[in-house]
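Taking it in order: structure first as structure tokens, then the write-up.
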Amino acid sequence: MQFTNPTTKKEMYDILKDLFMYYRINREPFEEPELPTLNIQTMQFVPLTDEEIKEKATTLLLGEQEKDKAERKASLLNKKSALLKKQETIEKNIIEFTATTEETYAKSKKTLRAKGINNGLIDSNLILKEILQLEESKNAKILEYASKCMDDKKEILAELEIVEEELNNIDEYFSSVHQGQILAKVQQLKEEQSKLEREVFKYNNDINEKIQRAESNNLKTTLTLKVKYLEIRSQPVPHDDLVELGYYAKVVNCVTAYYNLFTPKEAYNDIKNEVQLTVYLDEFYEYIVYAYKSQLNVEGV
């Protein structure tokens, strides 16, 4: 604390009072310590709406359900391909059977004619009748085989029609199954969301309790420190501390600055009666009085 040298006794006492208050009474106010705080963020939980949950369930199952459709489509296409091959084989078999039968019966006719020539019966009714019978037998055989193949082909065409219908209705085929899967997934997601909501609520409660305990501990610590500070402050400032702080140097300078305005005799005669100065100077009052008295002895006053 700085001051201007006093020129009157009132100024001197005012300065001494200020110094007394500054160093011995008005000490530094208590400053609350900056204690560490818990910086833990709570979790935010925003539940999905029913529509959002359904959309999520649909998205999660989309890959698996598309795989189901793809596998069924591939299976049906393989079945269709197999049926078409069967159909092609039947048509090929009819052609091959007809050709083979035609060839067989042609040989039989040729043999019959050769026999007729050998017997001189080439133009006889008997030979012609047998040839006609061979032709009828051939046609009947071909017709019988073709009829059987056509029955088989009808069955294949019926199966192909069913396969085509199934290919066109794959979505409908899985509709109820996939809808059931989505409903089950929706229920599962709702249960998981409820569980997560409870966990977040518990977590946030635990965090808030920890923060409150930490704040409470900090408050107790601050109050304890403040009480200890006030206890210390209520005690007089130790003499050695006042010396170290420079209090005595300043009050001595203040008093001597004022009394040095006078002659040693005037100063001595006045200060020896100012016992009130002992409040501010303590033992230094006697030293100053002695100092002025010593000047009187030196000067022979």
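Scheme for the structure tokens: letters A, B, ... for chains in order shown; per-chain residue numbers from 1; ligand numbers from 1 in order shown.
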
Contacts of region 286-298 of chain A at 10 Å (only C-alpha atoms; same-chain gap of 5+ positions) as a PDB file with all heavy atoms, in the first residue's frame:
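What ended up in part.pdb:
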```pdb
ATOM      1  N   VAL A 252       6.379   3.175  10.531  1.00  0.00           N
ATOM      2  CA  VAL A 252       7.522   3.938  11.055  1.00  0.00           C
ATOM      3  C   VAL A 252       7.837   5.091  10.120  1.00  0.00           C
ATOM      4  O   VAL A 252       8.075   6.236  10.550  1.00  0.00           O
ATOM      5  CB  VAL A 252       8.739   3.017  11.242  1.00  0.00           C
ATOM      6  CG1 VAL A 252      10.000   3.853  11.500  1.00  0.00           C
ATOM      7  CG2 VAL A 252       8.501   2.055  12.403  1.00  0.00           C
ATOM      8  N   VAL A 255       5.155   7.855  10.527  1.00  0.00           N
ATOM      9  CA  VAL A 255       5.295   8.659  11.762  1.00  0.00           C
ATOM     10  C   VAL A 255       6.529   9.551  11.692  1.00  0.00           C
ATOM     11  O   VAL A 255       6.473  10.764  12.004  1.00  0.00           O
ATOM     12  CB  VAL A 255       5.359   7.730  12.989  1.00  0.00           C
ATOM     13  CG1 VAL A 255       5.709   8.523  14.245  1.00  0.00           C
ATOM     14  CG2 VAL A 255       4.021   7.009  13.161  1.00  0.00           C
ATOM     15  N   THR A 256       7.660   8.990  11.276  1.00  0.00           N
ATOM     16  CA  THR A 256       8.899   9.782  11.239  1.00  0.00           C
ATOM     17  C   THR A 256       8.829  10.854  10.166  1.00  0.00           C
ATOM     18  O   THR A 256       9.403  11.951  10.319  1.00  0.00           O
ATOM     19  CB  THR A 256      10.104   8.864  10.985  1.00  0.00           C
ATOM     20  OG1 THR A 256       9.891   8.103   9.783  1.00  0.00           O
ATOM     21  CG2 THR A 256      10.321   7.931  12.165  1.00  0.00           C
ATOM     22  N   TYR A 259       6.994  13.677  11.982  1.00  0.00           N
ATOM     23  CA  TYR A 259       7.739  14.327  13.066  1.00  0.00           C
ATOM     24  C   TYR A 259       9.057  14.933  12.595  1.00  0.00           C
ATOM     25  O   TYR A 259       9.610  15.812  13.286  1.00  0.00           O
ATOM     26  CB  TYR A 259       7.966  13.347  14.220  1.00  0.00           C
ATOM     27  CG  TYR A 259       6.728  13.228  15.096  1.00  0.00           C
ATOM     28  CD1 TYR A 259       5.905  12.122  15.019  1.00  0.00           C
ATOM     29  CD2 TYR A 259       6.401  14.253  15.994  1.00  0.00           C
ATOM     30  CE1 TYR A 259       4.770  12.006  15.800  1.00  0.00           C
ATOM     31  CE2 TYR A 259       5.266  14.149  16.784  1.00  0.00           C
ATOM     32  CZ  TYR A 259       4.449  13.035  16.694  1.00  0.00           C
ATOM     33  OH  TYR A 259       3.322  12.954  17.480  1.00  0.00           O
ATOM     34  N   ASN A 260       9.544  14.481  11.459  1.00  0.00           N
ATOM     35  CA  ASN A 260      10.765  15.092  10.930  1.00  0.00           C
ATOM     36  C   ASN A 260      10.529  16.499  10.409  1.00  0.00           C
ATOM     37  O   ASN A 260      11.477  17.222  10.058  1.00  0.00           O
ATOM     38  CB  ASN A 260      11.352  14.223   9.809  1.00  0.00           C
ATOM     39  CG  ASN A 260      12.029  12.974  10.366  1.00  0.00           C
ATOM     40  OD1 ASN A 260      12.333  12.919  11.571  1.00  0.00           O
ATOM     41  ND2 ASN A 260      12.270  11.987   9.506  1.00  0.00           N
ATOM     42  N   THR A 263      11.534  20.246  14.859  1.00  0.00           N
ATOM     43  CA  THR A 263      12.867  20.117  15.470  1.00  0.00           C
ATOM     44  C   THR A 263      12.840  18.894  16.359  1.00  0.00           C
ATOM     45  O   THR A 263      11.769  18.437  16.770  1.00  0.00           O
ATOM     46  CB  THR A 263      13.210  21.350  16.315  1.00  0.00           C
ATOM     47  OG1 THR A 263      12.265  21.430  17.399  1.00  0.00           O
ATOM     48  CG2 THR A 263      13.156  22.634  15.483  1.00  0.00           C
ATOM     49  N   PRO A 264      13.990  18.310  16.682  1.00  0.00           N
ATOM     50  CA  PRO A 264      14.003  17.133  17.555  1.00  0.00           C
ATOM     51  C   PRO A 264      13.302  17.381  18.876  1.00  0.00           C
ATOM     52  O   PRO A 264      12.612  16.483  19.379  1.00  0.00           O
ATOM     53  CB  PRO A 264      15.496  16.865  17.749  1.00  0.00           C
ATOM     54  CG  PRO A 264      16.113  17.382  16.493  1.00  0.00           C
ATOM     55  CD  PRO A 264      15.344  18.612  16.149  1.00  0.00           C
ATOM     56  N   LYS A 265      13.454  18.589  19.402  1.00  0.00           N
ATOM     57  CA  LYS A 265      12.828  18.895  20.692  1.00  0.00           C
ATOM     58  C   LYS A 265      11.310  18.894  20.554  1.00  0.00           C
ATOM     59  O   LYS A 265      10.599  18.314  21.380  1.00  0.00           O
ATOM     60  CB  LYS A 265      13.319  20.238  21.211  1.00  0.00           C
ATOM     61  CG  LYS A 265      12.736  20.614  22.575  1.00  0.00           C
ATOM     62  CD  LYS A 265      13.304  21.943  23.069  1.00  0.00           C
ATOM     63  CE  LYS A 265      12.732  22.284  24.445  1.00  0.00           C
ATOM     64  NZ  LYS A 265      13.267  23.571  24.962  1.00  0.00           N
ATOM     65  N   GLU A 266      10.834  19.576  19.511  1.00  0.00           N
ATOM     66  CA  GLU A 266       9.382  19.630  19.284  1.00  0.00           C
ATOM     67  C   GLU A 266       8.831  18.214  19.016  1.00  0.00           C
ATOM     68  O   GLU A 266       7.765  17.857  19.532  1.00  0.00           O
ATOM     69  CB  GLU A 266       9.070  20.524  18.087  1.00  0.00           C
ATOM     70  CG  GLU A 266       9.366  22.003  18.364  1.00  0.00           C
ATOM     71  CD  GLU A 266       9.232  22.849  17.108  1.00  0.00           C
ATOM     72  OE1 GLU A 266       9.415  22.299  15.981  1.00  0.00           O
ATOM     73  OE2 GLU A 266       8.942  24.054  17.246  1.00  0.00           O
ATOM     74  N   ALA A 267       9.574  17.492  18.233  1.00  0.00           N
ATOM     75  CA  ALA A 267       9.127  16.142  17.919  1.00  0.00           C
ATOM     76  C   ALA A 267       9.083  15.292  19.174  1.00  0.00           C
ATOM     77  O   ALA A 267       8.101  14.564  19.410  1.00  0.00           O
ATOM     78  CB  ALA A 267      10.066  15.513  16.876  1.00  0.00           C
ATOM     79  N   TYR A 268      10.122  15.349  19.976  1.00  0.00           N
ATOM     80  CA  TYR A 268      10.191  14.515  21.175  1.00  0.00           C
ATOM     81  C   TYR A 268       9.083  14.881  22.157  1.00  0.00           C
ATOM     82  O   TYR A 268       8.403  14.019  22.705  1.00  0.00           O
ATOM     83  CB  TYR A 268      11.557  14.656  21.840  1.00  0.00           C
ATOM     84  CG  TYR A 268      11.624  13.979  23.189  1.00  0.00           C
ATOM     85  CD1 TYR A 268      11.646  12.585  23.292  1.00  0.00           C
ATOM     86  CD2 TYR A 268      11.627  14.738  24.368  1.00  0.00           C
ATOM     87  CE1 TYR A 268      11.686  11.962  24.520  1.00  0.00           C
ATOM     88  CE2 TYR A 268      11.656  14.118  25.611  1.00  0.00           C
ATOM     89  CZ  TYR A 268      11.690  12.720  25.675  1.00  0.00           C
ATOM     90  OH  TYR A 268      11.705  12.108  26.906  1.00  0.00           O
ATOM     91  N   ASN A 269       8.915  16.200  22.409  1.00  0.00           N
ATOM     92  CA  ASN A 269       7.918  16.640  23.379  1.00  0.00           C
ATOM     93  C   ASN A 269       6.503  16.246  22.964  1.00  0.00           C
ATOM     94  O   ASN A 269       5.637  16.025  23.812  1.00  0.00           O
ATOM     95  CB  ASN A 269       7.992  18.169  23.555  1.00  0.00           C
ATOM     96  CG  ASN A 269       9.239  18.585  24.312  1.00  0.00           C
ATOM     97  OD1 ASN A 269       9.777  17.812  25.127  1.00  0.00           O
ATOM     98  ND2 ASN A 269       9.739  19.782  24.041  1.00  0.00           N
ATOM     99  N   ASP A 270       6.300  16.155  21.655  1.00  0.00           N
ATOM    100  CA  ASP A 270       4.949  15.795  21.189  1.00  0.00           C
ATOM    101  C   ASP A 270       4.747  14.284  21.172  1.00  0.00           C
ATOM    102  O   ASP A 270       3.745  13.769  21.659  1.00  0.00           O
ATOM    103  CB  ASP A 270       4.713  16.366  19.794  1.00  0.00           C
ATOM    104  CG  ASP A 270       3.275  16.151  19.340  1.00  0.00           C
ATOM    105  OD1 ASP A 270       2.403  16.961  19.735  1.00  0.00           O
ATOM    106  OD2 ASP A 270       3.003  15.152  18.593  1.00  0.00           O
ATOM    107  N   ILE A 271       5.694  13.590  20.616  1.00  0.00           N
ATOM    108  CA  ILE A 271       5.503  12.137  20.414  1.00  0.00           C
ATOM    109  C   ILE A 271       5.487  11.375  21.723  1.00  0.00           C
ATOM    110  O   ILE A 271       4.825  10.342  21.827  1.00  0.00           O
ATOM    111  CB  ILE A 271       6.589  11.582  19.476  1.00  0.00           C
ATOM    112  CG1 ILE A 271       6.152  10.187  18.960  1.00  0.00           C
ATOM    113  CG2 ILE A 271       7.936  11.486  20.178  1.00  0.00           C
ATOM    114  CD1 ILE A 271       7.064   9.647  17.883  1.00  0.00           C
ATOM    115  N   LYS A 272       6.191  11.911  22.764  1.00  0.00           N
ATOM    116  CA  LYS A 272       6.230  11.159  24.017  1.00  0.00           C
ATOM    117  C   LYS A 272       4.865  11.113  24.695  1.00  0.00           C
ATOM    118  O   LYS A 272       4.627  10.275  25.565  1.00  0.00           O
ATOM    119  CB  LYS A 272       7.269  11.765  24.958  1.00  0.00           C
ATOM    120  CG  LYS A 272       6.886  13.145  25.496  1.00  0.00           C
ATOM    121  CD  LYS A 272       7.952  13.689  26.438  1.00  0.00           C
ATOM    122  CE  LYS A 272       7.551  15.062  26.989  1.00  0.00           C
ATOM    123  NZ  LYS A 272       8.571  15.586  27.924  1.00  0.00           N
ATOM    124  N   ASN A 273       3.995  12.037  24.264  1.00  0.00           N
ATOM    125  CA  ASN A 273       2.640  12.062  24.830  1.00  0.00           C
ATOM    126  C   ASN A 273       1.611  11.335  23.930  1.00  0.00           C
ATOM    127  O   ASN A 273       0.463  11.174  24.340  1.00  0.00           O
ATOM    128  CB  ASN A 273       2.182  13.507  25.049  1.00  0.00           C
ATOM    129  CG  ASN A 273       3.056  14.237  26.059  1.00  0.00           C
ATOM    130  OD1 ASN A 273       3.404  13.657  27.097  1.00  0.00           O
ATOM    131  ND2 ASN A 273       3.421  15.467  25.760  1.00  0.00           N
ATOM    132  N   GLU A 274       2.039  10.935  22.742  1.00  0.00           N
ATOM    133  CA  GLU A 274       1.109  10.258  21.793  1.00  0.00           C
ATOM    134  C   GLU A 274       1.163   8.744  22.004  1.00  0.00           C
ATOM    135  O   GLU A 274       1.569   7.977  21.149  1.00  0.00           O
ATOM    136  CB  GLU A 274       1.492  10.615  20.354  1.00  0.00           C
ATOM    137  CG  GLU A 274       1.270  12.053  19.981  1.00  0.00           C
ATOM    138  CD  GLU A 274      -0.211  12.444  20.000  1.00  0.00           C
ATOM    139  OE1 GLU A 274      -1.061  11.580  19.676  1.00  0.00           O
ATOM    140  OE2 GLU A 274      -0.520  13.595  20.322  1.00  0.00           O
ATOM    141  N   VAL A 275       0.721   8.355  23.207  1.00  0.00           N
ATOM    142  CA  VAL A 275       0.754   6.916  23.515  1.00  0.00           C
ATOM    143  C   VAL A 275      -0.163   6.109  22.590  1.00  0.00           C
ATOM    144  O   VAL A 275      -0.030   4.882  22.460  1.00  0.00           O
ATOM    145  CB  VAL A 275       0.365   6.686  24.988  1.00  0.00           C
ATOM    146  CG1 VAL A 275       1.436   7.245  25.903  1.00  0.00           C
ATOM    147  CG2 VAL A 275      -0.990   7.324  25.306  1.00  0.00           C
ATOM    148  N   LEU A 277      -0.017   6.030  19.611  1.00  0.00           N
ATOM    149  CA  LEU A 277       0.783   5.503  18.502  1.00  0.00           C
ATOM    150  C   LEU A 277       1.229   4.068  18.757  1.00  0.00           C
ATOM    151  O   LEU A 277       1.582   3.339  17.818  1.00  0.00           O
ATOM    152  CB  LEU A 277       2.012   6.390  18.276  1.00  0.00           C
ATOM    153  CG  LEU A 277       1.731   7.784  17.678  1.00  0.00           C
ATOM    154  CD1 LEU A 277       3.014   8.595  17.610  1.00  0.00           C
ATOM    155  CD2 LEU A 277       1.119   7.638  16.287  1.00  0.00           C
ATOM    156  N   THR A 278       1.221   3.669  20.028  1.00  0.00           N
ATOM    157  CA  THR A 278       1.649   2.294  20.333  1.00  0.00           C
ATOM    158  C   THR A 278       0.713   1.264  19.686  1.00  0.00           C
ATOM    159  O   THR A 278       1.114   0.117  19.416  1.00  0.00           O
ATOM    160  CB  THR A 278       1.689   2.054  21.844  1.00  0.00           C
ATOM    161  OG1 THR A 278       0.379   2.334  22.395  1.00  0.00           O
ATOM    162  CG2 THR A 278       2.705   2.966  22.506  1.00  0.00           C
ATOM    163  N   LEU A 281       2.377   1.225  16.266  1.00  0.00           N
ATOM    164  CA  LEU A 281       3.817   0.986  16.196  1.00  0.00           C
ATOM    165  C   LEU A 281       4.303  -0.166  17.066  1.00  0.00           C
ATOM    166  O   LEU A 281       5.408  -0.681  16.851  1.00  0.00           O
ATOM    167  CB  LEU A 281       4.572   2.253  16.601  1.00  0.00           C
ATOM    168  CG  LEU A 281       4.385   3.470  15.668  1.00  0.00           C
ATOM    169  CD1 LEU A 281       4.987   4.714  16.313  1.00  0.00           C
ATOM    170  CD2 LEU A 281       5.035   3.200  14.320  1.00  0.00           C
TER     171      LEU A 281
END
```

task: Would you list the contacts of region 28-42 of chain A as an MDAnalysis selection string, taking every protein, DNA or RNA residue within 7 Å and counting only C-alpha atoms, but skipping same-chain residues closer than 6 positions in sequence?
output: chainID A and resid 204 207 211 214 218 222 226

task: Go ahead and compute the interatomic distance for CA of Arg24 (chain A) and CA of Met12 (chain A), in Å to one decimal.
output: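 That distance, rounded to one decimal, is 17.4 Å.
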
message: To one decimal place in Å, what is the distance between CA of Gln87 (chain A) and CA of Asp152 (chain A)?
response: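 We find that CA of Gln87 (chain A) and CA of Asp152 (chain A) lie 8.4 Å from each other.
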
query: With only C-alpha atoms as the atoms that count, which of A:Leu126, A:Leu196, A:Leu157, A:Met43 lies nearest to Ile90 (chain A)?
result: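 Among the listed residues, the smallest separation from Ile90 (chain A) belongs to A:Leu157.
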
- request: Could you give me, as a PyMOL selection string, the residues within 12 Å of Lys141 (chain A), counting only C-alpha atoms and dropping anything in the same chain fewer than 2 positions from it?
  value: chain A and resi 94+97-98+100-102+104-105+134-139+143-148

Can you write out the residues you just picked, keeping C-alpha atoms, as an mmCIF file, in the first residue's frame?
```
data_model
loop_
_atom_site.group_PDB
_atom_site.id
_atom_site.type_symbol
_atom_site.label_atom_id
_atom_site.label_comp_id
_atom_site.auth_asym_id
_atom_site.auth_seq_id
_atom_site.Cartn_x
_atom_site.Cartn_y
_atom_site.Cartn_z
ATOM 1 C CA ILE A 94 -42.390 -88.336 -82.427
ATOM 2 C CA PHE A 97 -40.403 -92.713 -84.112
ATOM 3 C CA THR A 98 -42.327 -91.785 -87.278
ATOM 4 C CA THR A 100 -38.093 -95.239 -87.903
ATOM 5 C CA THR A 101 -41.562 -96.724 -88.378
ATOM 6 C CA GLU A 102 -41.793 -95.428 -91.924
ATOM 7 C CA THR A 104 -39.368 -100.319 -91.081
ATOM 8 C CA TYR A 105 -42.642 -100.575 -92.931
ATOM 9 C CA LEU A 134 -48.983 -102.853 -93.671
ATOM 10 C CA GLU A 135 -49.825 -99.200 -94.363
ATOM 11 C CA GLU A 136 -52.756 -99.264 -91.998
ATOM 12 C CA SER A 137 -50.685 -100.979 -89.334
ATOM 13 C CA LYS A 138 -47.924 -98.385 -89.766
ATOM 14 C CA ASN A 139 -50.330 -95.447 -89.524
ATOM 15 C CA LEU A 143 -50.912 -92.532 -84.379
ATOM 16 C CA GLU A 144 -50.876 -94.539 -81.166
ATOM 17 C CA TYR A 145 -47.375 -93.387 -80.296
ATOM 18 C CA ALA A 146 -48.152 -89.791 -81.260
ATOM 19 C CA SER A 147 -51.339 -89.840 -79.179
ATOM 20 C CA LYS A 148 -49.433 -91.068 -76.137
#
```

- prompt: Between CA of Glu215 (chain A) and CA of Lys202 (chain A), what is the distance, to one decimal in Å?
  reply: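 For CA of Glu215 (chain A) relative to CA of Lys202 (chain A), the distance reads 19.9 Å.
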
task: May I have all residues of region 213-283 of chain A that DSSP, computed from the backbone, assigns to alpha helix (DSSP H), given as JSON, numbers by chain?
output: {"A": [213, 214, 215, 216, 217, 218, 219, 220, 221, 222, 223, 224, 225, 226, 227, 228, 229, 230, 231, 232, 233, 234, 239, 240, 241, 242, 243, 244, 245, 247, 248, 249, 250, 251, 252, 253, 254, 255, 256, 257, 258, 259, 264, 265, 266, 267, 268, 269, 270, 271, 278, 279, 280, 281]}

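With distances restricted to only C-alpha atoms, A:Leu16 is the closest residue to Cys254 (chain A) from A:Leu16, A:Leu189, A:Met1, A:Ala114.
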
Could you produce a table of the residues of region 37-58 of chain A lying within 8 Å of region 177-182 of chain A, with the nearest pair of atoms per residue and their separation in Å rounded to one decimal, using only C-alpha atoms, ordered by chain and increasing residue number, as CSV?
```
residue,atom,partner,partner_atom,distance
A:Lys54,CA,A:Ile182,CA,7.4
A:Ala57,CA,A:Ile182,CA,5.9
A:Thr58,CA,A:Ile182,CA,6.0
```
